[in-house]
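**Student:** So that we are looking at the same thing, I have put the structure below in structure tokens.
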2 protein chains.
Amino acid sequence: MKCEPWTEHAEARLAAAGHKRGGARRAVLELLEHQSCALTALEIEDALRVAGAGRSVSRASVYRILDQLEQVGLVQRVETGQAMVRYERVSEHHHHHHLVCDECGLVMPFSDAALERAIDELSAHVPLQVSEHEIVLHGACSDCRGE
Amino acid sequence: MKCEPWTEHAEARLAAAGHKRGGARRAVLELLEHQSCALTALEIEDALRVAGAGRSVSRASVYRILDQLEQVGLVQRVETGQAMVRYERVSEHHHHHHLVCDECGLVMPFSDAALERAIDELSAHVPLQVSEHEIVLHGACSDCRGE
DNA sequence: TTCCGTGCAAATCTTTTGCACGGTC
DNA sequence: GACCGTGCAAAAGATTTGCACGGAA
């Protein structure tokens, strides 16, 4: 299992797909590499502008880059039922899904082997050649609920 | 198990929640009662305008009505990863999820007991008081795939 | 009579596109 | 040198809001 040169791995795959390199995309990749969960395009733009965490990237570029990364399979969209679409890097080693607090908007990852097994089993018996699946649990997080 | 007076049931619940009746909402309810799967706001607007299936309802009203129905729990949003959000009536007797063909946009319902069991099981062990869950399988439908 | 439901038009907000410039190959 | 990647500004498209009127309670 490789360590964490995900950005490098991503650049390599992009190159293989015939894309030239670029500073904006590099900055987005480096940001995504260190995220634990999905971000919106706006959050990505802000994170890059604020922190010395790289360089600013225009919003249009963020969207173009995310779209490109999604097509190459490096990033996946996450629909949380909130206003904006979220994006996160795809990790072969750690497939997960999402918990969304409908009160405060908090998004957390989770994974469950039994669930994946059920999905795999089911996918074989359905009138669709399943390539991906997305699961979102909605509810109230502990902060919003109690306390 | 009741027959199908869903529209009546819905009107009753809305009344109980303190809402007055209205022709536009009635038309939307009657349309939703007979749908087998989720529709977008635009599809609902078009369906009501074209068919003698009731009466035309302005787009703003369609959105307002759907939002209201969702809050009362009569309708649920379905995020299919397509541009627009979809809505469908909630049915106590037939909980289901969705298959989405990424080629042609076809949306089909499916249900699976093992999957529901896995979700229920898992919901108990997660840092969120789960109230709802949404599952979407993406892939290619038989028409788009083979011929 | 008092409000709520509805239509219409304008506003908002996310995401996309057109165009020009600068960097990569 | 040819093209792609990027920024900026404008466009597009979905959804929301403001306002005024007509119907429900």
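A note on labels: chains of the structure tokens are A, B, ... as shown, every chain counts residues from 1, and ligands are counted from 1 in their shown order.
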Can you pull out the residues contacting Arg145 of chain A? Cut-off 9 Å, using only C-alpha atoms (C1' of nucleotides), and skip same-chain residues under 3 positions away; I want them as a PDB file with N, CA, C and O atoms, in the first residue's frame.

**Tutor:**
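Printed below is result-v4.pdb as written:
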ATOM      1  N   GLU A 103     -29.388  19.795  10.521  1.00  0.00           N
ATOM      2  CA  GLU A 103     -29.489  21.011  11.316  1.00  0.00           C
ATOM      3  C   GLU A 103     -28.357  21.967  10.960  1.00  0.00           C
ATOM      4  O   GLU A 103     -28.584  23.068  10.502  1.00  0.00           O
ATOM      5  N   ALA A 140     -29.609  14.087  12.810  1.00  0.00           N
ATOM      6  CA  ALA A 140     -29.140  15.170  13.670  1.00  0.00           C
ATOM      7  C   ALA A 140     -27.872  14.716  14.391  1.00  0.00           C
ATOM      8  O   ALA A 140     -27.858  13.642  14.983  1.00  0.00           O
ATOM      9  N   CYS A 141     -26.835  15.520  14.313  1.00  0.00           N
ATOM     10  CA  CYS A 141     -25.581  15.148  14.960  1.00  0.00           C
ATOM     11  C   CYS A 141     -25.700  15.379  16.464  1.00  0.00           C
ATOM     12  O   CYS A 141     -26.624  16.048  16.924  1.00  0.00           O
ATOM     13  N   SER A 142     -24.771  14.849  17.213  1.00  0.00           N
ATOM     14  CA  SER A 142     -24.884  14.932  18.670  1.00  0.00           C
ATOM     15  C   SER A 142     -24.889  16.378  19.165  1.00  0.00           C
ATOM     16  O   SER A 142     -25.591  16.702  20.120  1.00  0.00           O
TER      17      SER A 142
ATOM     18  N   LEU B 128     -24.854   9.853  14.778  1.00  0.00           N
ATOM     19  CA  LEU B 128     -25.875  10.707  14.177  1.00  0.00           C
ATOM     20  C   LEU B 128     -27.200  10.001  14.435  1.00  0.00           C
ATOM     21  O   LEU B 128     -27.286   8.782  14.293  1.00  0.00           O
ATOM     22  N   GLN B 129     -28.190  10.774  14.827  1.00  0.00           N
ATOM     23  CA  GLN B 129     -29.503  10.161  15.006  1.00  0.00           C
ATOM     24  C   GLN B 129     -30.142  10.141  13.624  1.00  0.00           C
ATOM     25  O   GLN B 129     -30.677  11.138  13.162  1.00  0.00           O
TER      26      GLN B 129
END

**Student:** Excluding same-chain residues fewer than 3 positions from DC3 of chain C, what lies within 10 Å of it counting only C-alpha atoms (C1' of nucleotides), as a list of chain:residue names?

**Tutor:**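 Using only C-alpha atoms (C1' of nucleotides), the neighbours found are B:Lys20, D:DA24, D:DA25.
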
**Student:** Go through chain A residue by residue and, counting only C-alpha atoms, keep those with an atom at most 8 Å from chain B; for each kept residue give the shortest atom pair and its distance in Å to one decimal, ordered by chain and increasing number, as CSV.

**Tutor:**
residue,atom,partner,partner_atom,distance
A:Glu79,CA,B:Glu79,CA,6.6
A:Gly81,CA,B:Glu79,CA,6.7
A:Leu99,CA,B:Leu128,CA,7.3
A:Cys101,CA,B:Leu128,CA,7.4
A:Asp112,CA,B:Leu122,CA,7.3
A:Ala114,CA,B:Ala118,CA,6.2
A:Leu115,CA,B:Ala118,CA,5.3
A:Ala118,CA,B:Leu115,CA,5.3
A:Ile119,CA,B:Leu115,CA,6.7
A:Leu122,CA,B:Asp112,CA,7.3
A:Pro127,CA,B:Cys141,CA,6.5
A:Leu128,CA,B:Cys141,CA,4.5
A:Gln129,CA,B:Ala140,CA,5.2
A:Val130,CA,B:Gly139,CA,4.3
A:Ser131,CA,B:Gly139,CA,4.8
A:Glu132,CA,B:His138,CA,5.1
A:His133,CA,B:Leu137,CA,4.3
A:Glu134,CA,B:Val136,CA,5.3
A:Ile135,CA,B:Ile135,CA,4.6
A:Val136,CA,B:Glu134,CA,5.3
A:Leu137,CA,B:His133,CA,4.3
A:His138,CA,B:Glu132,CA,5.1
A:Gly139,CA,B:Val130,CA,4.3
A:Ala140,CA,B:Gln129,CA,5.2
A:Cys141,CA,B:Leu128,CA,4.5
A:Ser142,CA,B:Leu128,CA,6.2
A:Arg145,CA,B:Gln129,CA,8.0

**Student:** If we count only C-alpha atoms (C1' of nucleotides), which residues of chain D reach to within 7 Å of chain A? Please list them as a PyMOL selection string.

**Tutor:** chain D and resi 4-7

**Student:** At a cut-off of 8 Å, can you tabulate as CSV every residue of chain C near chain A together with its closest atom pair and the distance in Å to one decimal, using only C-alpha atoms (C1' of nucleotides) and ordering rows by chain then number?

**Tutor:**
residue,atom,partner,partner_atom,distance
C:DT14,C1',A:Met84,CA,7.1
C:DT15,C1',A:Tyr63,CA,7.6
C:DT24,C1',A:Lys20,CA,6.4
C:DC25,C1',A:Lys20,CA,7.7

**Student:** For Pro109 of chain B, work out the shell of residues within 8 Å, counting only C-alpha atoms (C1' of nucleotides) and skipping chain neighbours fewer than 4 positions away, then give it as a ChimeraX atom specification.

**Tutor:** /B:37,96-99

**Student:** Just list as a ChimeraX atom specification whatever in segment 17-143 of chain B DSSP marks as helix (DSSP H, G or I).

**Tutor:** /B:23-33,41-50,59-72,113-123,142-143

**Student:** Save the residues we just selected, N, CA and C atoms, as a CSV table (one decimal), in the first residue's frame?

**Tutor:**
chain,number,residue,atom,x,y,z
B,23,GLY,N,-56.1,25.3,-5.2
B,23,GLY,CA,-56.2,24.5,-6.4
B,23,GLY,C,-54.9,24.1,-7.0
B,24,ALA,N,-53.9,24.9,-6.9
B,24,ALA,CA,-52.6,24.5,-7.4
B,24,ALA,C,-52.1,23.3,-6.7
B,25,ARG,N,-52.1,23.3,-5.4
B,25,ARG,CA,-51.6,22.2,-4.6
B,25,ARG,C,-52.4,21.0,-4.9
B,26,ARG,N,-53.7,21.1,-5.0
B,26,ARG,CA,-54.5,19.9,-5.3
B,26,ARG,C,-54.0,19.3,-6.6
B,27,ALA,N,-53.8,20.1,-7.6
B,27,ALA,CA,-53.4,19.5,-8.9
B,27,ALA,C,-52.0,18.8,-8.8
B,28,VAL,N,-51.1,19.4,-8.0
B,28,VAL,CA,-49.8,18.7,-7.8
B,28,VAL,C,-50.0,17.4,-7.1
B,29,LEU,N,-50.8,17.4,-6.1
B,29,LEU,CA,-51.0,16.2,-5.3
B,29,LEU,C,-51.6,15.1,-6.2
B,30,GLU,N,-52.6,15.5,-7.0
B,30,GLU,CA,-53.2,14.4,-7.8
B,30,GLU,C,-52.2,13.9,-8.9
B,31,LEU,N,-51.3,14.7,-9.3
B,31,LEU,CA,-50.3,14.3,-10.3
B,31,LEU,C,-49.4,13.3,-9.6
B,32,LEU,N,-48.9,13.7,-8.4
B,32,LEU,CA,-47.9,12.9,-7.7
B,32,LEU,C,-48.5,11.5,-7.3
B,33,GLU,N,-49.8,11.5,-7.0
B,33,GLU,CA,-50.4,10.3,-6.5
B,33,GLU,C,-50.2,9.1,-7.6
B,41,ALA,N,-39.2,19.4,-10.7
B,41,ALA,CA,-40.2,20.5,-10.6
B,41,ALA,C,-40.6,20.8,-12.0
B,42,LEU,N,-39.7,20.9,-12.9
B,42,LEU,CA,-40.0,21.2,-14.3
B,42,LEU,C,-40.9,20.2,-14.9
B,43,GLU,N,-40.7,19.0,-14.7
B,43,GLU,CA,-41.5,17.9,-15.2
B,43,GLU,C,-42.9,18.0,-14.7
B,44,ILE,N,-43.0,18.3,-13.4
B,44,ILE,CA,-44.3,18.5,-12.8
B,44,ILE,C,-45.1,19.6,-13.5
B,45,GLU,N,-44.4,20.7,-13.6
B,45,GLU,CA,-45.0,21.9,-14.2
B,45,GLU,C,-45.5,21.6,-15.6
B,46,ASP,N,-44.6,20.9,-16.4
B,46,ASP,CA,-45.0,20.5,-17.8
B,46,ASP,C,-46.2,19.6,-17.8
B,47,ALA,N,-46.1,18.6,-17.0
B,47,ALA,CA,-47.2,17.6,-17.0
B,47,ALA,C,-48.5,18.2,-16.7
B,48,LEU,N,-48.5,19.2,-15.8
B,48,LEU,CA,-49.8,19.8,-15.4
B,48,LEU,C,-50.3,20.7,-16.5
B,49,ARG,N,-49.3,21.4,-17.3
B,49,ARG,CA,-49.7,22.3,-18.3
B,49,ARG,C,-50.3,21.5,-19.5
B,50,VAL,N,-49.5,20.5,-20.0
B,50,VAL,CA,-49.9,19.8,-21.2
B,50,VAL,C,-51.2,19.0,-21.0
B,59,ARG,N,-44.5,27.9,-12.0
B,59,ARG,CA,-43.3,27.2,-11.5
B,59,ARG,C,-43.0,27.6,-10.1
B,60,ALA,N,-43.1,28.8,-9.7
B,60,ALA,CA,-42.9,29.2,-8.3
B,60,ALA,C,-43.8,28.5,-7.4
B,61,SER,N,-45.0,28.3,-7.8
B,61,SER,CA,-45.9,27.6,-6.9
B,61,SER,C,-45.5,26.1,-6.8
B,62,VAL,N,-45.1,25.5,-7.9
B,62,VAL,CA,-44.7,24.1,-7.8
B,62,VAL,C,-43.6,24.0,-6.8
B,63,TYR,N,-42.6,24.9,-6.8
B,63,TYR,CA,-41.5,24.8,-5.9
B,63,TYR,C,-42.0,25.0,-4.5
B,64,ARG,N,-42.9,26.0,-4.3
B,64,ARG,CA,-43.3,26.3,-2.9
B,64,ARG,C,-44.1,25.1,-2.4
B,65,ILE,N,-44.9,24.5,-3.3
B,65,ILE,CA,-45.8,23.4,-2.8
B,65,ILE,C,-44.9,22.2,-2.5
B,66,LEU,N,-43.9,21.9,-3.3
B,66,LEU,CA,-43.1,20.8,-3.1
B,66,LEU,C,-42.3,20.9,-1.7
B,67,ASP,N,-41.9,22.2,-1.5
B,67,ASP,CA,-41.2,22.4,-0.3
B,67,ASP,C,-42.1,22.2,0.9
B,68,GLN,N,-43.3,22.7,0.8
B,68,GLN,CA,-44.3,22.5,1.9
B,68,GLN,C,-44.6,21.0,2.1
B,69,LEU,N,-44.8,20.3,1.0
B,69,LEU,CA,-45.1,18.9,1.1
B,69,LEU,C,-43.9,18.1,1.7
B,70,GLU,N,-42.7,18.6,1.4
B,70,GLU,CA,-41.5,17.9,2.0
B,70,GLU,C,-41.5,18.1,3.5
B,71,GLN,N,-41.8,19.3,3.9
B,71,GLN,CA,-41.7,19.6,5.4
B,71,GLN,C,-42.7,18.8,6.1
B,72,VAL,N,-43.9,18.6,5.5
B,72,VAL,CA,-44.9,17.8,6.2
B,72,VAL,C,-44.7,16.3,6.1
B,113,ALA,N,-34.5,-5.8,0.7
B,113,ALA,CA,-34.7,-6.0,2.2
B,113,ALA,C,-33.3,-6.1,2.9
B,114,ALA,N,-32.4,-6.8,2.3
B,114,ALA,CA,-31.1,-7.0,2.9
B,114,ALA,C,-30.4,-5.6,3.1
B,115,LEU,N,-30.6,-4.8,2.1
B,115,LEU,CA,-30.0,-3.5,2.2
B,115,LEU,C,-30.6,-2.6,3.3
B,116,GLU,N,-31.9,-2.7,3.4
B,116,GLU,CA,-32.5,-1.9,4.5
B,116,GLU,C,-32.1,-2.5,5.8
B,117,ARG,N,-31.9,-3.8,5.9
B,117,ARG,CA,-31.5,-4.3,7.2
B,117,ARG,C,-30.1,-3.8,7.6
B,118,ALA,N,-29.2,-3.8,6.6
B,118,ALA,CA,-27.9,-3.3,6.8
B,118,ALA,C,-27.9,-1.8,7.3
B,119,ILE,N,-28.7,-1.1,6.6
B,119,ILE,CA,-28.8,0.4,7.0
B,119,ILE,C,-29.3,0.5,8.4
B,120,ASP,N,-30.4,-0.2,8.7
B,120,ASP,CA,-30.9,-0.1,10.1
B,120,ASP,C,-29.9,-0.5,11.2
B,121,GLU,N,-29.2,-1.6,10.9
B,121,GLU,CA,-28.2,-2.1,11.8
B,121,GLU,C,-27.2,-1.0,12.0
B,122,LEU,N,-26.7,-0.5,11.0
B,122,LEU,CA,-25.6,0.5,11.0
B,122,LEU,C,-26.0,1.8,11.6
B,123,SER,N,-27.2,2.2,11.4
B,123,SER,CA,-27.7,3.5,11.9
B,123,SER,C,-27.6,3.6,13.4
B,142,SER,N,-29.9,-1.1,-19.6
B,142,SER,CA,-29.7,-2.1,-20.7
B,142,SER,C,-29.9,-1.5,-22.1
B,143,ASP,N,-30.7,-0.5,-22.2
B,143,ASP,CA,-30.8,0.2,-23.5
B,143,ASP,C,-29.5,0.8,-24.0

**Student:** Run DSSP on the backbone and grab whatever in segment 35-145 of chain A lands in strand (DSSP E or B); send it over as a VMD selection string.

**Tutor:** chain A and resid 39 to 40 75 to 78 86 to 89 97 to 101 107 to 110 128 to 141
